[in-house]
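Engineer: Below you'll find coords.cif; it's mmCIF, C-alpha atoms.
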data_query
#
loop_
_atom_site.label_atom_id
_atom_site.label_comp_id
_atom_site.auth_asym_id
_atom_site.auth_seq_id
_atom_site.Cartn_x
_atom_site.Cartn_y
_atom_site.Cartn_z
CA MET A 1 -5.89 3.26 25.66
CA PRO A 2 -2.98 2.44 23.36
CA ALA A 3 -0.59 5.19 22.35
CA PRO A 4 -1.49 6.71 18.95
CA TRP A 5 1.84 5.70 17.50
CA ARG A 6 1.55 2.06 18.53
CA LEU A 7 -0.68 0.78 15.70
CA PRO A 8 1.26 2.52 12.91
CA ALA A 9 4.50 1.24 14.43
CA VAL A 10 3.19 -2.33 14.56
CA VAL A 11 1.89 -2.12 10.98
CA LEU A 12 5.21 -0.70 9.74
CA LEU A 13 7.12 -3.47 11.50
CA ILE A 14 4.90 -6.16 9.97
CA GLY A 15 5.31 -4.63 6.52
CA LEU A 16 9.06 -4.29 6.91
CA GLY A 17 9.36 -7.81 8.26
CA LEU A 18 7.41 -9.37 5.39
CA THR A 19 9.26 -7.31 2.78
CA GLY A 20 12.60 -8.24 4.33
CA LEU A 21 11.66 -11.90 4.52
CA VAL A 22 10.72 -12.01 0.85
CA ALA A 23 13.89 -10.15 -0.13
CA ALA A 24 16.06 -12.43 2.00
CA THR A 25 14.59 -15.62 0.55
CA SER A 26 15.16 -14.45 -3.02
CA SER A 27 18.58 -14.92 -4.57
CA LEU A 28 18.14 -11.76 -6.62
CA ARG A 29 18.74 -8.25 -5.43
CA ALA A 30 15.69 -7.00 -7.25
CA PRO A 31 14.20 -3.75 -5.97
CA PRO A 32 10.57 -3.88 -4.88
CA LEU A 33 8.60 -4.48 -8.04
CA LEU A 34 5.66 -2.17 -7.46
CA ASP A 35 4.79 -0.36 -10.67
CA GLY A 36 6.19 1.45 -13.60
CA VAL A 37 5.48 0.87 -17.23
CA PHE A 38 5.60 -2.74 -18.25
CA ILE A 39 7.11 -3.35 -21.66
CA GLU A 40 8.46 -6.57 -23.05
CA ASP A 41 9.96 -7.08 -26.48
CA PRO A 42 8.52 -10.07 -28.33
CA TYR A 43 10.57 -13.18 -27.67
CA ARG A 44 13.31 -13.75 -30.22
CA TRP A 45 13.84 -17.31 -31.38
CA VAL A 46 16.86 -18.93 -32.96
CA ALA A 47 14.40 -21.06 -34.94
CA PRO A 48 11.33 -18.83 -34.99
CA PRO A 49 7.86 -20.31 -35.43
CA SER A 50 5.80 -18.80 -38.21
CA GLY A 51 5.14 -15.13 -37.49
CA ALA A 52 7.52 -14.96 -34.54
CA ASP A 53 10.69 -12.90 -34.27
CA GLY A 54 14.13 -14.33 -34.90
CA ASP A 55 17.78 -13.34 -34.56
CA PRO A 56 18.20 -13.32 -30.81
CA PRO A 57 21.39 -11.44 -29.95
CA SER A 58 24.38 -13.00 -28.28
CA VAL A 59 26.70 -11.04 -26.05
CA THR A 60 30.45 -11.12 -25.47
CA THR A 61 32.03 -8.74 -23.03
CA ALA A 62 35.39 -8.41 -21.35
CA GLN A 63 35.82 -7.68 -17.66
CA GLN A 64 39.09 -6.51 -16.15
CA VAL A 65 40.41 -8.41 -13.16
CA VAL A 66 40.77 -6.16 -10.12
CA ASP A 67 43.11 -7.01 -7.26
CA GLY A 68 43.41 -10.59 -8.41
CA SER A 69 39.72 -11.37 -8.65
CA VAL A 70 36.83 -10.93 -11.04
CA PRO A 71 34.62 -8.09 -9.80
CA LEU A 72 30.91 -8.64 -9.43
CA LEU A 73 29.40 -8.83 -12.86
CA ALA A 74 26.05 -8.69 -14.55
CA VAL A 75 25.96 -9.49 -18.24
CA ALA A 76 22.83 -9.80 -20.32
CA THR A 77 21.58 -10.07 -23.86
CA SER A 78 20.15 -6.84 -25.25
CA GLU A 79 16.40 -7.56 -25.42
CA VAL A 80 14.01 -5.82 -22.99
CA PRO A 81 13.97 -7.60 -20.64
CA PRO A 82 17.02 -9.69 -21.48
CA GLN A 83 16.30 -13.24 -22.55
CA ALA A 84 19.43 -14.40 -20.77
CA GLN A 85 21.56 -12.86 -18.07
CA ILE A 86 24.23 -13.96 -15.65
CA ILE A 87 24.83 -12.26 -12.33
CA ALA A 88 27.88 -13.23 -10.28
CA GLN A 89 29.25 -12.03 -7.00
CA GLU A 90 32.81 -10.77 -6.70
CA ASP A 91 35.53 -13.42 -6.98
CA ALA A 92 33.07 -16.04 -8.18
CA PHE A 93 35.44 -17.50 -10.77
CA ALA A 94 38.71 -19.35 -10.18
CA ILE A 95 41.46 -17.57 -12.15
CA ALA A 96 45.22 -17.90 -12.46
CA ALA A 97 47.35 -15.32 -10.67
CA ASP A 98 48.42 -13.58 -13.90
CA THR A 99 44.96 -13.24 -15.38
CA ALA A 100 44.33 -9.66 -16.51
CA SER A 101 40.79 -9.97 -17.84
CA VAL A 102 38.01 -12.45 -18.42
CA THR A 103 35.52 -12.73 -21.26
CA ILE A 104 31.90 -13.52 -20.62
CA THR A 105 29.84 -14.94 -23.47
CA ILE A 106 26.14 -15.74 -23.74
CA GLN A 107 25.27 -17.53 -26.98
CA PRO A 108 21.77 -18.67 -27.99
CA SER A 109 21.08 -21.85 -29.95
CA ALA A 110 18.02 -23.73 -31.13
CA PRO A 111 16.32 -26.01 -28.61
CA THR A 112 17.23 -29.68 -28.67
CA ASP A 113 14.30 -31.00 -26.68
CA PRO A 114 10.55 -30.49 -27.12
CA THR A 115 10.07 -29.57 -23.47
CA ILE A 116 12.36 -26.57 -23.79
CA ALA A 117 10.56 -23.25 -23.83
CA GLY A 118 12.48 -20.83 -26.01
CA ASN A 119 16.16 -20.93 -26.85
CA VAL A 120 19.07 -22.74 -25.28
CA TYR A 121 21.74 -20.39 -23.95
CA ARG A 122 25.40 -21.27 -23.56
CA PHE A 123 27.12 -19.34 -20.76
CA SER A 124 30.90 -19.30 -20.74
CA VAL A 125 33.62 -17.34 -18.99
CA THR A 126 37.20 -17.57 -20.23
CA ASP A 127 40.46 -15.94 -19.21
CA ASP A 128 42.71 -13.96 -21.52
CA GLN A 129 44.34 -17.20 -22.68
CA GLY A 130 40.96 -18.55 -23.75
CA THR A 131 40.83 -21.09 -20.94
CA ALA A 132 37.36 -21.84 -19.66
CA LEU A 133 36.92 -20.79 -16.04
CA GLU A 134 35.03 -22.60 -13.34
CA ILE A 135 32.85 -21.25 -10.60
CA ARG A 136 34.45 -21.34 -7.17
CA PRO A 137 32.73 -23.67 -4.70
CA GLY A 138 30.20 -21.72 -2.67
CA ALA A 139 30.21 -18.68 -4.94
CA GLN A 140 26.83 -17.27 -5.85
CA VAL A 141 26.22 -17.14 -9.58
CA THR A 142 22.66 -16.64 -10.76
CA LEU A 143 21.21 -17.11 -14.23
CA VAL A 144 18.00 -15.45 -15.34
CA LEU A 145 16.30 -16.82 -18.43
CA ARG A 146 13.16 -15.60 -20.12
CA ALA A 147 10.53 -17.99 -21.46
CA PRO A 148 8.57 -17.17 -24.62
CA GLN A 149 5.28 -17.06 -22.74
CA GLN A 150 4.11 -16.18 -19.27
CA ASP A 151 3.07 -18.28 -16.31
CA LEU A 152 4.65 -21.54 -17.43
CA VAL A 153 5.23 -24.22 -14.83
CA ALA A 154 8.89 -24.44 -15.69
CA GLN A 155 12.39 -24.63 -14.30
CA ILE A 156 15.82 -23.73 -15.50
CA ALA A 157 17.73 -26.82 -16.58
CA ARG A 158 21.35 -27.58 -17.44
CA PHE A 159 22.34 -29.89 -20.27
CA GLU A 160 24.33 -32.76 -18.76
CA GLY A 161 25.75 -34.61 -21.75
CA SER A 162 22.55 -36.30 -22.86
CA THR A 163 19.77 -35.03 -20.60
CA TRP A 164 18.44 -31.83 -19.19
CA VAL A 165 18.74 -31.66 -15.40
CA THR A 166 16.42 -29.18 -13.72
CA LEU A 167 17.66 -26.81 -11.03
CA PRO A 168 15.85 -25.23 -8.09
CA THR A 169 14.24 -22.27 -9.82
CA GLU A 170 12.54 -19.17 -8.59
CA PHE A 171 10.68 -16.13 -9.81
CA GLY A 172 12.92 -13.83 -11.83
CA GLY A 173 10.99 -10.59 -11.46
CA LEU A 174 8.39 -10.96 -14.23
CA PRO A 175 5.91 -13.75 -15.06
CA ASP A 176 8.15 -15.13 -17.81
CA LEU A 177 11.51 -14.76 -16.07
CA PHE A 178 13.12 -17.66 -14.22
CA ALA A 179 16.19 -17.53 -12.00
CA ALA A 180 18.47 -20.23 -10.65
CA ASN A 181 21.80 -20.39 -8.89
CA ILE A 182 24.38 -22.46 -10.72
CA THR A 183 27.64 -24.15 -9.86
CA GLN A 184 28.82 -24.81 -13.42
CA LEU A 185 28.71 -22.90 -16.66
CA GLY A 186 27.38 -24.53 -19.82
CA ASP A 187 24.11 -24.86 -21.70
CA TYR A 188 20.94 -23.76 -19.94
CA ALA A 189 17.30 -23.45 -20.94
CA VAL A 190 13.83 -23.06 -19.48
CA VAL A 191 12.19 -26.48 -19.41
CA VAL A 192 8.44 -26.92 -18.96
CA VAL A 193 8.01 -29.40 -16.13
CA ALA A 194 4.29 -29.72 -15.42
CA GLY A 195 0.80 -28.73 -16.37
CA PRO A 196 -1.13 -28.59 -19.61
CA THR A 197 1.56 -26.59 -21.35
CA ALA A 198 4.05 -29.40 -20.78
CA SER A 199 1.80 -32.08 -22.23
CA ALA A 200 0.86 -29.85 -25.12
CA SER A 201 4.46 -29.20 -26.02
CA ALA A 202 5.76 -32.69 -25.38
CA GLY A 203 4.86 -34.05 -28.77
CA THR A 204 5.91 -31.18 -30.94
CA SER A 205 9.12 -29.42 -31.69
CA MET A 206 9.34 -25.82 -30.54
CA ALA A 207 10.18 -24.77 -34.07
CA GLU A 208 6.86 -26.15 -35.25
CA SER A 209 4.75 -24.79 -32.44
CA SER A 210 2.66 -21.70 -32.88
CA PRO A 211 4.12 -18.39 -31.77
CA PRO A 212 3.31 -17.36 -28.23
CA ALA A 213 0.36 -15.13 -27.59
CA PRO A 214 1.20 -11.58 -26.61
CA SER A 215 1.84 -11.19 -22.92
CA GLY A 216 0.00 -8.80 -20.68
CA GLY A 217 -3.18 -10.75 -20.10
CA GLY A 218 -6.27 -11.03 -22.18
CA GLY A 219 -4.77 -13.57 -24.53
CA ASP A 220 -4.21 -17.31 -24.09
CA GLY A 221 -7.92 -18.07 -24.17
CA GLY A 222 -8.74 -15.74 -21.30
CA LEU A 223 -11.48 -13.14 -21.26
CA PRO A 224 -11.62 -11.12 -24.49
CA ILE A 225 -10.16 -7.67 -24.26
CA TRP A 226 -13.40 -5.92 -25.20
CA LEU A 227 -15.19 -7.67 -22.31
CA ILE A 228 -12.54 -6.68 -19.77
CA VAL A 229 -12.47 -3.10 -20.98
CA GLY A 230 -16.28 -3.03 -21.02
CA LEU A 231 -16.43 -4.30 -17.44
CA GLY A 232 -13.93 -1.64 -16.47
CA VAL A 233 -16.00 1.09 -18.09
CA VAL A 234 -19.17 -0.19 -16.40
CA ALA A 235 -17.43 -0.37 -13.02
CA VAL A 236 -16.01 3.11 -13.34
CA GLY A 237 -19.34 4.50 -14.54
CA ALA A 238 -21.22 2.80 -11.73
CA GLY A 239 -18.70 4.09 -9.26
CA LEU A 240 -18.94 7.63 -10.50
CA ALA A 241 -22.75 7.48 -10.46
CA TRP A 242 -22.78 5.96 -7.00
CA GLY A 243 -20.35 8.53 -5.69
CA LEU A 244 -22.36 11.44 -7.04
CA LEU A 245 -25.79 10.05 -6.11
CA GLY A 246 -24.60 8.75 -2.76
CA ASP A 247 -23.21 12.11 -1.79
CA ARG A 248 -26.47 13.77 -2.86
CA ASP A 249 -28.49 11.33 -0.75
CA ARG A 250 -26.40 12.08 2.30
CA ARG A 251 -26.83 15.79 2.06
CA MET B 1 -24.86 3.68 16.96
CA THR B 2 -27.25 6.31 15.71
CA ALA B 3 -29.23 5.97 12.51
CA VAL B 4 -27.05 8.63 10.92
CA ALA B 5 -23.89 6.79 11.93
CA ARG B 6 -25.28 3.53 10.57
CA ALA B 7 -26.13 5.21 7.30
CA GLU B 8 -22.63 6.68 7.12
CA ALA B 9 -21.08 3.26 7.77
CA ARG B 10 -23.26 1.65 5.10
CA HIS B 11 -22.31 4.36 2.66
CA ASP B 12 -18.60 3.92 3.40
CA ALA B 13 -18.84 0.15 3.01
CA ALA B 14 -20.63 0.55 -0.30
CA THR B 15 -18.05 3.09 -1.43
CA ALA B 16 -15.24 0.70 -0.53
CA THR B 17 -16.97 -2.08 -2.48
CA TRP B 18 -17.32 -0.16 -5.71
CA LEU B 19 -13.86 1.30 -5.36
CA LEU B 20 -12.49 -2.25 -5.10
CA ALA B 21 -14.51 -3.27 -8.15
CA GLY B 22 -13.20 -0.30 -10.10
CA LEU B 23 -9.65 -1.03 -9.00
CA ALA B 24 -9.94 -4.65 -10.14
CA ALA B 25 -11.48 -3.69 -13.46
CA GLY B 26 -8.86 -1.01 -14.02
CA SER B 27 -5.94 -3.35 -13.39
CA LEU B 28 -7.41 -6.03 -15.67
CA ALA B 29 -8.08 -3.48 -18.41
CA ARG B 30 -4.55 -2.12 -18.13
CA ALA B 31 -3.08 -5.60 -18.52
CA ALA B 32 -5.35 -6.31 -21.48
CA LEU B 33 -4.36 -3.11 -23.26
CA ASN B 34 -0.67 -3.08 -22.35
CA GLY B 35 0.61 -5.06 -25.34
CA HIS B 36 4.26 -5.24 -26.42
CA ALA B 37 4.70 -1.77 -27.88
CA THR B 38 6.09 1.16 -25.95
CA TRP B 39 3.21 3.42 -26.96
CA SER B 40 0.54 0.93 -25.88
CA ALA B 41 2.25 0.33 -22.53
CA PHE B 42 2.59 4.07 -21.91
CA ALA B 43 -1.04 4.67 -22.96
CA ALA B 44 -2.32 1.85 -20.78
CA GLY B 45 -0.30 3.10 -17.81
CA ALA B 46 -1.50 6.68 -18.25
CA ALA B 47 -5.13 5.62 -18.63
CA PHE B 48 -4.80 3.42 -15.56
CA GLY B 49 -3.43 6.26 -13.44
CA ILE B 50 -6.06 8.75 -14.63
CA THR B 51 -8.90 6.26 -14.12
CA LEU B 52 -7.80 5.46 -10.59
CA ALA B 53 -7.44 9.13 -9.72
CA ALA B 54 -10.94 9.79 -11.10
CA LEU B 55 -12.34 6.92 -9.06
CA ALA B 56 -10.62 8.28 -5.95
CA LEU B 57 -12.17 11.70 -6.52
CA ALA B 58 -15.58 10.11 -7.06
CA GLY B 59 -15.04 8.17 -3.84
CA GLY B 60 -14.64 11.35 -1.88
CA TRP B 61 -10.86 11.70 -1.73
CA ARG B 62 -9.53 15.20 -2.20
CA PRO B 63 -5.89 16.23 -2.64
CA ALA B 64 -4.43 18.40 0.09
CA MET B 65 -1.17 20.20 0.60
CA PRO B 66 1.16 17.70 2.30
CA SER B 67 3.07 18.65 5.40
CA LEU B 68 6.85 18.73 5.35
CA SER B 69 6.95 15.97 7.96
CA SER B 70 4.80 13.70 5.76
CA LEU B 71 7.13 14.25 2.80
CA LEU B 72 10.18 13.50 4.92
CA ILE B 73 8.58 10.37 6.37
CA GLY B 74 7.69 9.31 2.84
CA LEU B 75 11.28 9.84 1.67
CA LEU B 76 12.53 7.76 4.57
CA GLY B 77 9.94 5.09 3.81
CA GLY B 78 11.08 4.95 0.18
CA VAL B 79 14.73 4.69 1.16
CA VAL B 80 13.84 1.74 3.38
CA LEU B 81 12.03 0.01 0.51
CA ILE B 82 15.06 0.47 -1.73
CA ALA B 83 17.53 -0.54 0.95
CA VAL B 84 15.90 -3.80 2.06
CA PRO B 85 16.77 -5.89 -1.02
CA ARG B 86 20.22 -4.30 -1.22
CA LEU B 87 20.94 -5.19 2.38
CA ALA B 88 19.60 -8.70 1.86
CA HIS B 89 22.05 -9.27 -1.02
CA PRO B 90 24.87 -6.74 -0.68
CA LEU B 91 27.21 -8.68 -2.97
CA MET B 92 24.84 -9.14 -5.88
CA PRO B 93 24.05 -6.71 -8.68
CA ALA B 94 20.42 -6.17 -9.62
CA LEU B 95 18.45 -7.51 -12.53
CA ILE B 96 19.05 -5.91 -15.88
CA GLY B 97 16.83 -4.31 -18.41
CA ILE B 98 13.32 -3.49 -17.22
CA ARG B 99 13.87 0.11 -18.28
CA PRO B 100 11.69 1.20 -21.18
CA GLU B 101 13.03 4.32 -22.90
CA PRO B 102 12.65 7.26 -22.88
CA PHE B 103 13.20 7.97 -19.21
CA VAL B 104 11.15 11.18 -19.10
CA ALA B 105 8.04 9.45 -20.48
CA TRP B 106 8.61 6.41 -18.28
CA GLY B 107 9.06 8.58 -15.20
CA LEU B 108 5.98 10.64 -16.01
CA ILE B 109 3.74 7.63 -16.61
CA THR B 110 5.12 5.86 -13.57
CA GLY B 111 4.32 8.96 -11.53
CA MET B 112 0.76 8.97 -12.87
CA VAL B 113 0.34 5.32 -11.93
CA VAL B 114 1.72 5.94 -8.45
CA ILE B 115 -0.53 8.95 -7.86
CA GLY B 116 -3.58 7.10 -9.14
CA GLU B 117 -2.91 4.03 -7.04
CA GLU B 118 -2.16 5.99 -3.89
CA ALA B 119 -5.13 8.34 -4.32
CA LEU B 120 -7.43 5.37 -4.68
CA VAL B 121 -5.87 2.69 -2.47
CA ARG B 122 -4.40 4.69 0.41
CA GLY B 123 -6.73 7.65 -0.14
CA ALA B 124 -10.39 6.98 -0.94
CA LEU B 125 -10.44 3.23 -0.25
CA PHE B 126 -8.39 3.42 2.93
CA GLY B 127 -10.54 6.28 4.22
CA ALA B 128 -13.82 4.51 3.50
CA LEU B 129 -12.64 1.27 5.09
CA GLN B 130 -11.22 3.04 8.12
CA ARG B 131 -14.49 4.81 8.73
CA ALA B 132 -16.57 1.69 8.13
CA SER B 133 -14.45 -0.97 9.85
CA GLY B 134 -11.44 0.59 11.55
CA PRO B 135 -7.75 1.03 10.75
CA ILE B 136 -6.74 -2.64 10.90
CA ALA B 137 -9.32 -3.61 8.30
CA ALA B 138 -8.25 -0.64 6.21
CA VAL B 139 -4.60 -1.72 6.25
CA ALA B 140 -5.47 -5.38 5.61
CA VAL B 141 -7.87 -4.84 2.71
CA THR B 142 -5.82 -2.14 0.99
CA SER B 143 -2.65 -4.22 1.30
CA ILE B 144 -4.30 -7.28 -0.22
CA ALA B 145 -5.83 -5.16 -2.97
CA PHE B 146 -2.46 -3.52 -3.64
CA ALA B 147 -0.82 -6.93 -4.04
CA LEU B 148 -3.57 -8.29 -6.27
CA ILE B 149 -3.68 -5.38 -8.71
CA HIS B 150 -0.10 -6.19 -9.73
CA VAL B 151 -0.91 -9.81 -10.58
CA PRO B 152 -2.28 -9.24 -14.11
CA LEU B 153 1.00 -7.68 -15.26
CA TYR B 154 3.63 -9.25 -13.02
CA GLY B 155 2.17 -12.63 -12.07
CA TRP B 156 1.22 -14.25 -8.78
CA GLN B 157 4.83 -14.41 -7.64
CA VAL B 158 4.79 -10.72 -6.70
CA VAL B 159 2.00 -11.15 -4.14
CA PRO B 160 4.20 -11.77 -1.05
CA LEU B 161 6.50 -8.85 -1.82
CA ASP B 162 3.75 -6.44 -2.75
CA LEU B 163 1.70 -7.52 0.25
CA GLY B 164 4.63 -6.62 2.50
CA VAL B 165 5.15 -3.34 0.69
CA GLY B 166 1.41 -2.62 0.85
CA ILE B 167 1.42 -3.09 4.62
CA TRP B 168 4.46 -0.83 4.88
CA LEU B 169 2.74 1.87 2.83
CA GLY B 170 -0.42 1.40 4.90
CA GLY B 171 1.69 1.98 8.02
CA LEU B 172 2.96 5.22 6.52
CA ARG B 173 -0.65 6.22 5.80
CA LEU B 174 -1.63 5.49 9.39
CA ALA B 175 1.40 7.25 10.81
CA THR B 176 0.91 10.46 8.84
CA GLY B 177 -2.85 10.49 8.23
CA GLY B 178 -2.55 11.20 4.50
CA VAL B 179 -1.44 9.77 1.18
CA ALA B 180 1.61 11.99 0.71
CA ALA B 181 4.00 9.77 2.66
CA PRO B 182 3.03 6.47 1.01
CA ALA B 183 2.93 8.19 -2.40
CA VAL B 184 6.45 9.58 -1.98
CA ALA B 185 7.77 6.22 -0.72
CA HIS B 186 6.00 4.34 -3.53
CA GLY B 187 7.21 6.76 -6.19
CA LEU B 188 10.78 6.72 -4.94
CA ALA B 189 10.88 2.92 -4.91
CA ASP B 190 9.41 2.73 -8.41
CA LEU B 191 11.69 5.34 -9.92
CA SER B 192 14.74 3.74 -8.33
CA THR B 193 14.22 0.69 -10.51
CA TRP B 194 15.65 2.69 -13.40
CA TRP B 195 19.07 2.80 -11.76
CA ILE B 196 19.31 -0.19 -9.43
#
Write out the structure in this file as structure tokens.
Structural biologist:
Amino acid sequence: MPAPWRLPAVVLLIGLGLTGLVAATSSLRAPPLLDGVFIEDPYRWVAPPSGADGDPPSVTTAQQVVDGSVPLLAVATSEVPPQAQIIAQEDAFAIAADTASVTITIQPSAPTDPTIAGNVYRFSVTDDQGTALEIRPGAQVTLVLRAPQQDLVAQIARFEGSTWVTLPTEFGGLPDLFAANITQLGDYAVVVVAGPTASASAGTSMAESSPPAPSGGGGDGGLPIWLIVGLGVVAVGAGLAWGLLGDRDRR
Amino acid sequence: MTAVARAEARHDAATATWLLAGLAAGSLARAALNGHATWSAFAAGAAFGITLAALALAGGWRPAMPSLSSLLIGLLGGVVLIAVPRLAHPLMPALIGIRPEPFVAWGLITGMVVIGEEALVRGALFGALQRASGPIAAVAVTSIAFALIHVPLYGWQVVPLDLGVGIWLGGLRLATGGVAAPAVAHGLADLSTWWI
């Protein structure tokens, strides 16, 4: 007969192993996303479609250099969740020896390509002389961009002179957040790469497209809210009735 | 197996089935009602937690005074959940901005969601499945259910992580015999997202 602790120990090890594997294969140090209250501001567009919100904020912040290197930094625009953020490990940027501080800027602009979902964001880091800094080879710098709607088949892309070049992209913590590691600063956006959303958006400018449906399920042509809520009420009622009647039958 | 035992097993299987149906309906309804506004998200979260707790009570689960050892094991389990991603990426800061104000309301609603989920998933559902089909089935089904109920709000990408966390919480349930340890671990991990 196995020891009583053996099964719980095995289950805990499996759970820890899977959790650790998922955490290790993600480039983000996101805590386990289990619950909480899920709130997202409506997406803010530089060129808002009719009825959508505009005036997306930019952000400029200074960071002091410590012991000759830029400390780890996380800078984001002010929406909830941020529509653009940059996360960089310590000493990720090449700086001159006399640099005292660096300035990080995230600036939104209108999309230049119909496959772009949302705004384009320019990420720049400059030293106190205004010189643009470059990312050190091998340094980990991660961008997180939010798309205006959930569950897009999309990737983060960098503007390379005349075209958008997609980057290996992963889940950014929520259905509309995308994350990618970068080796250069510049202009980045979420680009729809496949699926019906891509073909639907390919022939129309984002400024002319309809505003995104509210997130949180129930929209986008899915089941109507009243039906889902009704099913929930029926299920709960049936459960309560079954629990009460079942217990009575067993007595 | 005696006729009484068979009837008990059938009853537990049926209980597990309707609890799963209620859990699915509750998570879909919460996602449908969540909306963009703070008030609607708080209301949907509170209703979700209360509904799940009511289902758990209807399913036969009853709250009990937790032992000190269960609480300590739960605290340790929560610290592990928080530490794993930090250890995996010690040089990287965390994501920014999934912190809906005010904190007191957020913490309260988050606590209600945690209690509701744990009472139902690791309480009533786990108990019914364990009696009907054994502990391995209980851990497997509750872990899958735990991962799937987060899909409507957070997307399919969370399934691997929440499956792992669900198994971990199921292990805490098995190790301590109650929901206090997984509830404390779950709550600690959730509340930590405000700061890290």
Engineer: Please measure the separation of atom CA of Gly17 of chain A and atom CA of Ser67 of chain B, giving the value in Å to one decimal.
Structural biologist: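 Those two atoms sit 27.3 Å apart.
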Engineer: If the PyMOL selection byres ((chain A and resi 167) around 6) were run on this exact file, what residues would it hold? Put them as number ranges by chain.
Structural biologist: A: 156-157, 166, 168-169
Engineer: Could you save those same residues with C-alpha atoms as a PDB file, keeping the file's coordinate frame?
Structural biologist:
ATOM      1  CA  ILE A 156      15.820 -23.730 -15.500  1.00  0.00           C
ATOM      2  CA  ALA A 157      17.730 -26.820 -16.580  1.00  0.00           C
ATOM      3  CA  THR A 166      16.420 -29.180 -13.720  1.00  0.00           C
ATOM      4  CA  PRO A 168      15.850 -25.230  -8.090  1.00  0.00           C
ATOM      5  CA  THR A 169      14.240 -22.270  -9.820  1.00  0.00           C
TER       6      THR A 169
END
Engineer: Of the candidates B:Thr17, B:Asn34, B:Thr176, B:Ser70, which shows the shortest atom-to-atom distance to Tyr154 of chain B, using only C-alpha atoms?
Structural biologist: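 The closest residue to Tyr154 of chain B is B:Asn34.
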Engineer: From the list B:Leu148, B:Ala29, B:Ala137, B:Ala181, which residue is nearest chain A when using only C-alpha atoms?
Structural biologist: B:Ala29
Engineer: For the structure shown, which residues end up in the PyMOL selection byres ((chain A and resi 97-101) around 9)? Put them as a ChimeraX atom specification, please?
Structural biologist: /A:62-66,68-70,95-96,102-103,126-129
Engineer: Grab the atom CA of Pro8 of chain A to atom CA of Val141 of chain B distance for me, in Å with one decimal place.
Structural biologist: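 Distance between the two atoms: 15.5 Å.
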Engineer: Given only C-alpha atoms as the basis, pick out the residue of B:Val104, B:Leu188, B:Val113, B:Leu68 nearest to chain A.
Structural biologist: B:Val113
Engineer: Kindly resolve the PyMOL selection byres ((chain B and resi 51-60) around 6) on the present coordinates and return the residues as a ChimeraX atom specification.
Structural biologist: /A:240,243 /B:47-50,61,116,119-120,124
Engineer: Next, dump the selected residues to file, keeping only C-alpha atoms, as a short mmCIF file (atom, residue, chain, number, x, y, z; two decimals), keeping the file's coordinate frame.
Structural biologist:
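Listing of again.cif after writing:
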data_model
loop_
_atom_site.label_atom_id
_atom_site.label_comp_id
_atom_site.auth_asym_id
_atom_site.auth_seq_id
_atom_site.Cartn_x
_atom_site.Cartn_y
_atom_site.Cartn_z
CA LEU A 240 -18.94 7.63 -10.50
CA GLY A 243 -20.35 8.53 -5.69
CA ALA B 47 -5.13 5.62 -18.63
CA PHE B 48 -4.80 3.42 -15.56
CA GLY B 49 -3.43 6.26 -13.44
CA ILE B 50 -6.06 8.75 -14.63
CA TRP B 61 -10.86 11.70 -1.73
CA GLY B 116 -3.58 7.10 -9.14
CA ALA B 119 -5.13 8.34 -4.32
CA LEU B 120 -7.43 5.37 -4.68
CA ALA B 124 -10.39 6.98 -0.94
#
Engineer: Near Arg30 of chain B, within 9 Å and counting all atoms listed in the file, which residues show up once chain neighbours fewer than 3 positions away are dropped, as a PDB file with C-alpha atoms, keeping the file's coordinate frame?
Structural biologist:
ATOM      1  CA  GLY A 216       0.000  -8.800 -20.680  1.00  0.00           C
ATOM      2  CA  GLY A 217      -3.180 -10.750 -20.100  1.00  0.00           C
ATOM      3  CA  VAL A 229     -12.470  -3.100 -20.980  1.00  0.00           C
TER       4      VAL A 229
ATOM      5  CA  ALA B  25     -11.480  -3.690 -13.460  1.00  0.00           C
ATOM      6  CA  GLY B  26      -8.860  -1.010 -14.020  1.00  0.00           C
ATOM      7  CA  SER B  27      -5.940  -3.350 -13.390  1.00  0.00           C
ATOM      8  CA  LEU B  33      -4.360  -3.110 -23.260  1.00  0.00           C
ATOM      9  CA  ASN B  34      -0.670  -3.080 -22.350  1.00  0.00           C
ATOM     10  CA  ALA B  41       2.250   0.330 -22.530  1.00  0.00           C
ATOM     11  CA  ALA B  44      -2.320   1.850 -20.780  1.00  0.00           C
ATOM     12  CA  GLY B  45      -0.300   3.100 -17.810  1.00  0.00           C
ATOM     13  CA  ALA B  47      -5.130   5.620 -18.630  1.00  0.00           C
ATOM     14  CA  PHE B  48      -4.800   3.420 -15.560  1.00  0.00           C
ATOM     15  CA  PRO B 152      -2.280  -9.240 -14.110  1.00  0.00           C
ATOM     16  CA  LEU B 153       1.000  -7.680 -15.260  1.00  0.00           C
TER      17      LEU B 153
END
Engineer: Between atom CA of Ala76 of chain A and atom CA of Leu81 of chain B, what distance in Å does the model show, to one decimal?
Structural biologist: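 Pair atom CA of Ala76 of chain A / atom CA of Leu81 of chain B returns 25.4 Å.
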Engineer: Taking all atoms listed in the file into account, name the residue in A:Arg122, A:Arg136, A:Arg146, A:Arg158 that is nearest to chain B.
Structural biologist: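 Comparing A:Arg122, A:Arg136, A:Arg146, A:Arg158 against chain B, the winner is A:Arg146.
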Engineer: Measuring between all atoms listed in the file, which one of A:Ile39, A:Val10, A:Pro57, A:Thr77 shows the shortest distance to Trp106 of chain B?
Structural biologist: A:Ile39
Engineer: Which polymer residues, whether protein, DNA or RNA, lie within 8 Å of the coordinate (9.4, -15.6, -19.7) when you count all atoms listed in the file? List them as a PyMOL selection string, using the chain letters and numbers from the file.
Structural biologist: chain A and resi 83+145-152+174-178
